[in-house]
Amino acid sequence: MCHDDNSRPPAPPTIGGVASSGPLELTSSDGNRFAAYEAVPAVPSGVGIVVLPDIRGLHPFYVALAERFAQAGLTAVAMDYFGRTDGVAQRDESFDWQPAIAQVTTEHVRADAQACAQRLREEHGVTSVISLGFCFGGGHSWRLGATDLGLDGCVGFYGRLSLLAEAADEVTSPLLMLLAGADSTAPAEFLAVRDQIVARGVEVEVHVYDGAPHSFFDRSFAEWQDACADVWQRVLAFAERTSAHA
């Protein structure tokens, strides 16, 4: 998994106010009801972000991350994967995610991410939507760039490469790939898929954090504070750049 149970995301470079935040329930186009968590900035930038968690679903790390994004001016909705198997309850660290994650399909993720994007656009009036995910969610975030959701960009932290590789020839949204240099998948494998997508004229930005472990984006990892600060700058710059074309 990406993070320890007590891990929390590092702070963005500039911390603004949060107008509102809290849990909610959303319904996807296939009728699935699922848990989500929403955070709205006091001064919105017009950009919304769909947060795709790791294999544990809507873990407290991602609740906190939604609020971090709101502090940075982005309206955020973090989604859960397990509405179809485990209902809409907000779950804590004790949740046994292993039986449920095996039943999550790419179409399930697309449908639920669509509901989150719709919430951002219709309820909060955002003009640009990007996705951002970690590990399992990172691969799915990149893959959403090959769907009909109209995302302005897709960000993945040390994502599952296979999920992107399967749809590489269909990607149309700009991608940001944030990779851990000491991860189990070599950066060269990601770069090969990057080259395949770029050859079709799609923007793909890749940054490898040499020596960093799989879950380095964690405020408890003091030795990776500079990497975390760089990540924030890259994600916010990517959101601003892609929103300019929305």
# chains A, B, ... in the order shown; residues from 1 in each chain; ligands from 1
call {"tool": "closest_atom_pairs", "arguments": {"of": "segment 121-216 of chain A", "to": "segment 68-84 of chain A", "cutoff": "10 Å", "atoms": "only C-alpha atoms", "output": "tab-separated table"}}
result
residue	atom	partner	partner_atom	distance
A:His124	CA	A:Thr75	CA	7.9
A:Gly125	CA	A:Thr75	CA	9.8
A:Val126	CA	A:Thr75	CA	7.9
A:Val129	CA	A:Thr75	CA	9.3
A:Ile130	CA	A:Ala76	CA	9.7
A:Ser131	CA	A:Ala76	CA	9.6
A:Leu132	CA	A:Ala78	CA	9.4
A:Gly133	CA	A:Ala78	CA	9.5
A:Gly137	CA	A:Tyr81	CA	9.7
call {"tool": "write_last_selection", "arguments": {"atoms": "C-alpha atoms", "output": "mmCIF file, in the first residue's frame"}}
result
data_model
loop_
_atom_site.group_PDB
_atom_site.id
_atom_site.type_symbol
_atom_site.label_atom_id
_atom_site.label_comp_id
_atom_site.auth_asym_id
_atom_site.auth_seq_id
_atom_site.Cartn_x
_atom_site.Cartn_y
_atom_site.Cartn_z
ATOM 1 C CA HIS A 124 -19.245 24.262 -7.577
ATOM 2 C CA GLY A 125 -19.013 25.733 -11.064
ATOM 3 C CA VAL A 126 -15.409 24.796 -11.715
ATOM 4 C CA VAL A 129 -11.202 19.407 -13.780
ATOM 5 C CA ILE A 130 -8.122 17.264 -13.289
ATOM 6 C CA SER A 131 -7.712 13.861 -11.672
ATOM 7 C CA LEU A 132 -4.956 12.867 -9.254
ATOM 8 C CA GLY A 133 -4.231 9.474 -7.777
ATOM 9 C CA GLY A 137 -5.391 5.321 -8.045
#
call {"tool": "residues_around", "arguments": {"residues": "Phe238 of chain A", "least_positions_apart": "6", "cutoff": "10 Å", "atoms": "only C-alpha atoms", "output": "list in words"}}
result
Ile130, Asp152, Gly153, Cys154, Val155, Pro174, Leu175, Leu176, Glu205, Trp232 and Ala244 of chain A
call {"tool": "write_last_selection", "arguments": {"atoms": "C-alpha atoms", "output": "mmCIF file, in the first residue's frame"}}
result
data_model
loop_
_atom_site.group_PDB
_atom_site.id
_atom_site.type_symbol
_atom_site.label_atom_id
_atom_site.label_comp_id
_atom_site.auth_asym_id
_atom_site.auth_seq_id
_atom_site.Cartn_x
_atom_site.Cartn_y
_atom_site.Cartn_z
ATOM 1 C CA ILE A 130 -8.122 17.264 -13.289
ATOM 2 C CA ASP A 152 -8.094 18.800 -18.530
ATOM 3 C CA GLY A 153 -5.246 16.782 -17.056
ATOM 4 C CA CYS A 154 -4.467 13.586 -15.153
ATOM 5 C CA VAL A 155 -1.834 13.246 -12.418
ATOM 6 C CA PRO A 174 -2.232 15.853 -20.666
ATOM 7 C CA LEU A 175 -0.517 13.667 -18.068
ATOM 8 C CA LEU A 176 1.779 14.389 -15.127
ATOM 9 C CA GLU A 205 5.419 15.535 -18.082
ATOM 10 C CA TRP A 232 3.327 20.560 -4.806
ATOM 11 C CA ALA A 244 -5.649 27.775 -19.233
#
call {"tool": "closest_atom_pairs", "arguments": {"of": "segment 95-183 of chain A", "to": "segment 32-46 of chain A", "cutoff": "10 Å", "atoms": "only C-alpha atoms", "output": "JSON lines"}}
result
{"residue": "A:His108", "atom": "CA", "partner": "A:Asn32", "partner_atom": "CA", "distance": 8.8}
{"residue": "A:Ala111", "atom": "CA", "partner": "A:Asn32", "partner_atom": "CA", "distance": 8.7}
{"residue": "A:Asp112", "atom": "CA", "partner": "A:Phe34", "partner_atom": "CA", "distance": 7.9}
{"residue": "A:Ala115", "atom": "CA", "partner": "A:Phe34", "partner_atom": "CA", "distance": 9.8}
{"residue": "A:Cys116", "atom": "CA", "partner": "A:Ala36", "partner_atom": "CA", "distance": 8.3}
{"residue": "A:Arg119", "atom": "CA", "partner": "A:Glu38", "partner_atom": "CA", "distance": 9.7}
{"residue": "A:Leu120", "atom": "CA", "partner": "A:Glu38", "partner_atom": "CA", "distance": 9.4}
{"residue": "A:Arg121", "atom": "CA", "partner": "A:Gly46", "partner_atom": "CA", "distance": 9.6}
{"residue": "A:His124", "atom": "CA", "partner": "A:Val40", "partner_atom": "CA", "distance": 8.4}
{"residue": "A:Gly125", "atom": "CA", "partner": "A:Gly46", "partner_atom": "CA", "distance": 7.4}
{"residue": "A:Val126", "atom": "CA", "partner": "A:Gly46", "partner_atom": "CA", "distance": 4.6}
{"residue": "A:Thr127", "atom": "CA", "partner": "A:Gly46", "partner_atom": "CA", "distance": 5.5}
{"residue": "A:Ser128", "atom": "CA", "partner": "A:Gly46", "partner_atom": "CA", "distance": 6.5}
{"residue": "A:Val129", "atom": "CA", "partner": "A:Gly46", "partner_atom": "CA", "distance": 8.8}
call {"tool": "write_last_selection", "arguments": {"atoms": "N, CA, C and O atoms", "output": "mmCIF file, in the first residue's frame"}}
result
data_model
loop_
_atom_site.group_PDB
_atom_site.id
_atom_site.type_symbol
_atom_site.label_atom_id
_atom_site.label_comp_id
_atom_site.auth_asym_id
_atom_site.auth_seq_id
_atom_site.Cartn_x
_atom_site.Cartn_y
_atom_site.Cartn_z
ATOM 1 N N HIS A 108 -15.831 0.749 -13.336
ATOM 2 C CA HIS A 108 -16.328 1.256 -12.050
ATOM 3 C C HIS A 108 -15.643 2.581 -11.706
ATOM 4 O O HIS A 108 -16.308 3.551 -11.306
ATOM 5 N N ALA A 111 -16.859 5.439 -13.954
ATOM 6 C CA ALA A 111 -18.212 5.891 -13.625
ATOM 7 C C ALA A 111 -18.223 6.725 -12.347
ATOM 8 O O ALA A 111 -18.904 7.759 -12.276
ATOM 9 N N ASP A 112 -17.478 6.299 -11.353
ATOM 10 C CA ASP A 112 -17.466 7.034 -10.089
ATOM 11 C C ASP A 112 -16.699 8.351 -10.218
ATOM 12 O O ASP A 112 -17.100 9.374 -9.654
ATOM 13 N N ALA A 115 -18.953 10.908 -11.726
ATOM 14 C CA ALA A 115 -19.864 11.516 -10.757
ATOM 15 C C ALA A 115 -19.164 12.601 -9.954
ATOM 16 O O ALA A 115 -19.753 13.650 -9.642
ATOM 17 N N CYS A 116 -17.898 12.372 -9.607
ATOM 18 C CA CYS A 116 -17.134 13.389 -8.878
ATOM 19 C C CYS A 116 -16.917 14.625 -9.749
ATOM 20 O O CYS A 116 -17.066 15.767 -9.274
ATOM 21 N N ARG A 119 -20.059 16.582 -9.999
ATOM 22 C CA ARG A 119 -20.275 17.347 -8.763
ATOM 23 C C ARG A 119 -19.465 18.651 -8.781
ATOM 24 O O ARG A 119 -19.973 19.723 -8.440
ATOM 25 N N LEU A 120 -18.224 18.553 -9.177
ATOM 26 C CA LEU A 120 -17.367 19.733 -9.222
ATOM 27 C C LEU A 120 -17.894 20.773 -10.206
ATOM 28 O O LEU A 120 -17.912 21.969 -9.908
ATOM 29 N N ARG A 121 -18.333 20.304 -11.364
ATOM 30 C CA ARG A 121 -18.779 21.237 -12.395
ATOM 31 C C ARG A 121 -20.146 21.833 -12.082
ATOM 32 O O ARG A 121 -20.353 23.045 -12.219
ATOM 33 N N HIS A 124 -20.230 23.246 -7.957
ATOM 34 C CA HIS A 124 -19.245 24.262 -7.577
ATOM 35 C C HIS A 124 -18.797 25.140 -8.744
ATOM 36 O O HIS A 124 -18.005 26.060 -8.534
ATOM 37 N N GLY A 125 -19.270 24.862 -9.929
ATOM 38 C CA GLY A 125 -19.013 25.733 -11.064
ATOM 39 C C GLY A 125 -17.572 25.807 -11.513
ATOM 40 O O GLY A 125 -17.157 26.811 -12.108
ATOM 41 N N VAL A 126 -16.790 24.760 -11.257
ATOM 42 C CA VAL A 126 -15.409 24.796 -11.715
ATOM 43 C C VAL A 126 -15.376 24.728 -13.242
ATOM 44 O O VAL A 126 -16.256 24.139 -13.882
ATOM 45 N N THR A 127 -14.386 25.335 -13.825
ATOM 46 C CA THR A 127 -14.265 25.376 -15.282
ATOM 47 C C THR A 127 -13.211 24.422 -15.811
ATOM 48 O O THR A 127 -13.096 24.229 -17.022
ATOM 49 N N SER A 128 -12.426 23.851 -14.915
ATOM 50 C CA SER A 128 -11.386 22.901 -15.300
ATOM 51 C C SER A 128 -11.332 21.800 -14.252
ATOM 52 O O SER A 128 -11.370 22.081 -13.050
ATOM 53 N N VAL A 129 -11.264 20.548 -14.698
ATOM 54 C CA VAL A 129 -11.202 19.407 -13.780
ATOM 55 C C VAL A 129 -9.993 18.549 -14.130
ATOM 56 O O VAL A 129 -9.795 18.190 -15.298
#
call {"tool": "select_by_dssp", "arguments": {"residues": "segment 66-163 of chain A", "states": "strand (DSSP E or B)", "output": "list in words"}}
result
Thr75, Ala76, Val77, Ala78, Met79, Ser128, Val129, Ile130, Ser131, Leu132, Gly133, Phe134, Gly153, Cys154, Val155, Gly156 and Phe157 of chain A
call {"tool": "closest_residue", "arguments": {"among": "A:Leu24, A:Ala180, A:Ala239, A:Ile49", "to": "Gln90 of chain A", "atoms": "only C-alpha atoms"}}
result
A:Leu24
call {"tool": "closest_residue", "arguments": {"among": "A:Ala222, A:Asp183, A:Gln103, A:Ala168", "to": "Ala199 of chain A", "atoms": "only C-alpha atoms"}}
result
A:Ala168
call {"tool": "closest_residue", "arguments": {"among": "A:Glu107, A:Asp226, A:Asp96, A:Glu240", "to": "Ala11 of chain A", "atoms": "only C-alpha atoms"}}
result
A:Asp226
call {"tool": "atom_distance", "arguments": {"atom1": "atom CA of Thr147 of chain A", "atom2": "atom CA of Ala64 of chain A"}}
result
27.5 Å
call {"tool": "atom_distance", "arguments": {"atom1": "atom CA of Ser7 of chain A", "atom2": "atom CA of Asp86 of chain A"}}
result
23.8 Å
call {"tool": "atom_distance", "arguments": {"atom1": "atom CA of Gly16 of chain A", "atom2": "atom CA of Ala229 of chain A"}}
result
16.4 Å
call {"tool": "select_by_dssp", "arguments": {"residues": "segment 81-236 of chain A", "states": "helix (DSSP H, G or I)", "output": "PyMOL selection string"}}
result
chain A and resi 83-86+98-101+106-124+136-144+161-165+168-170+187-198+222-236
call {"tool": "closest_residue", "arguments": {"among": "A:Thr185, A:Asp92, A:Leu191, A:Val47", "to": "Arg241 of chain A", "atoms": "only C-alpha atoms"}}
result
A:Val47
call {"tool": "decode", "arguments": {"residues": "segment 126-155 of chain A", "atoms": "C-alpha atoms", "output": "PDB file, in the first residue's frame"}}
result
ATOM      1  CA  VAL A 126     -15.409  24.796 -11.715  1.00  0.00           C
ATOM      2  CA  THR A 127     -14.265  25.376 -15.282  1.00  0.00           C
ATOM      3  CA  SER A 128     -11.386  22.901 -15.300  1.00  0.00           C
ATOM      4  CA  VAL A 129     -11.202  19.407 -13.780  1.00  0.00           C
ATOM      5  CA  ILE A 130      -8.122  17.264 -13.289  1.00  0.00           C
ATOM      6  CA  SER A 131      -7.712  13.861 -11.672  1.00  0.00           C
ATOM      7  CA  LEU A 132      -4.956  12.867  -9.254  1.00  0.00           C
ATOM      8  CA  GLY A 133      -4.231   9.474  -7.777  1.00  0.00           C
ATOM      9  CA  PHE A 134      -1.753   7.340  -5.873  1.00  0.00           C
ATOM     10  CA  CYS A 135      -0.482   3.847  -6.770  1.00  0.00           C
ATOM     11  CA  PHE A 136      -3.656   1.948  -7.796  1.00  0.00           C
ATOM     12  CA  GLY A 137      -5.391   5.321  -8.045  1.00  0.00           C
ATOM     13  CA  GLY A 138      -2.438   6.850  -9.877  1.00  0.00           C
ATOM     14  CA  GLY A 139      -2.676   4.303 -12.666  1.00  0.00           C
ATOM     15  CA  HIS A 140      -6.413   4.825 -12.874  1.00  0.00           C
ATOM     16  CA  SER A 141      -5.950   8.599 -12.907  1.00  0.00           C
ATOM     17  CA  TRP A 142      -3.651   8.397 -15.937  1.00  0.00           C
ATOM     18  CA  ARG A 143      -6.044   5.978 -17.604  1.00  0.00           C
ATOM     19  CA  LEU A 144      -8.921   8.450 -17.189  1.00  0.00           C
ATOM     20  CA  GLY A 145      -7.049  10.546 -19.744  1.00  0.00           C
ATOM     21  CA  ALA A 146      -8.196   7.966 -22.299  1.00  0.00           C
ATOM     22  CA  THR A 147     -11.895   8.248 -21.406  1.00  0.00           C
ATOM     23  CA  ASP A 148     -14.747  10.559 -22.382  1.00  0.00           C
ATOM     24  CA  LEU A 149     -14.750  12.502 -19.085  1.00  0.00           C
ATOM     25  CA  GLY A 150     -13.251  15.605 -20.648  1.00  0.00           C
ATOM     26  CA  LEU A 151     -10.537  15.952 -18.021  1.00  0.00           C
ATOM     27  CA  ASP A 152      -8.094  18.800 -18.530  1.00  0.00           C
ATOM     28  CA  GLY A 153      -5.246  16.782 -17.056  1.00  0.00           C
ATOM     29  CA  CYS A 154      -4.467  13.586 -15.153  1.00  0.00           C
ATOM     30  CA  VAL A 155      -1.834  13.246 -12.418  1.00  0.00           C
TER      31      VAL A 155
END
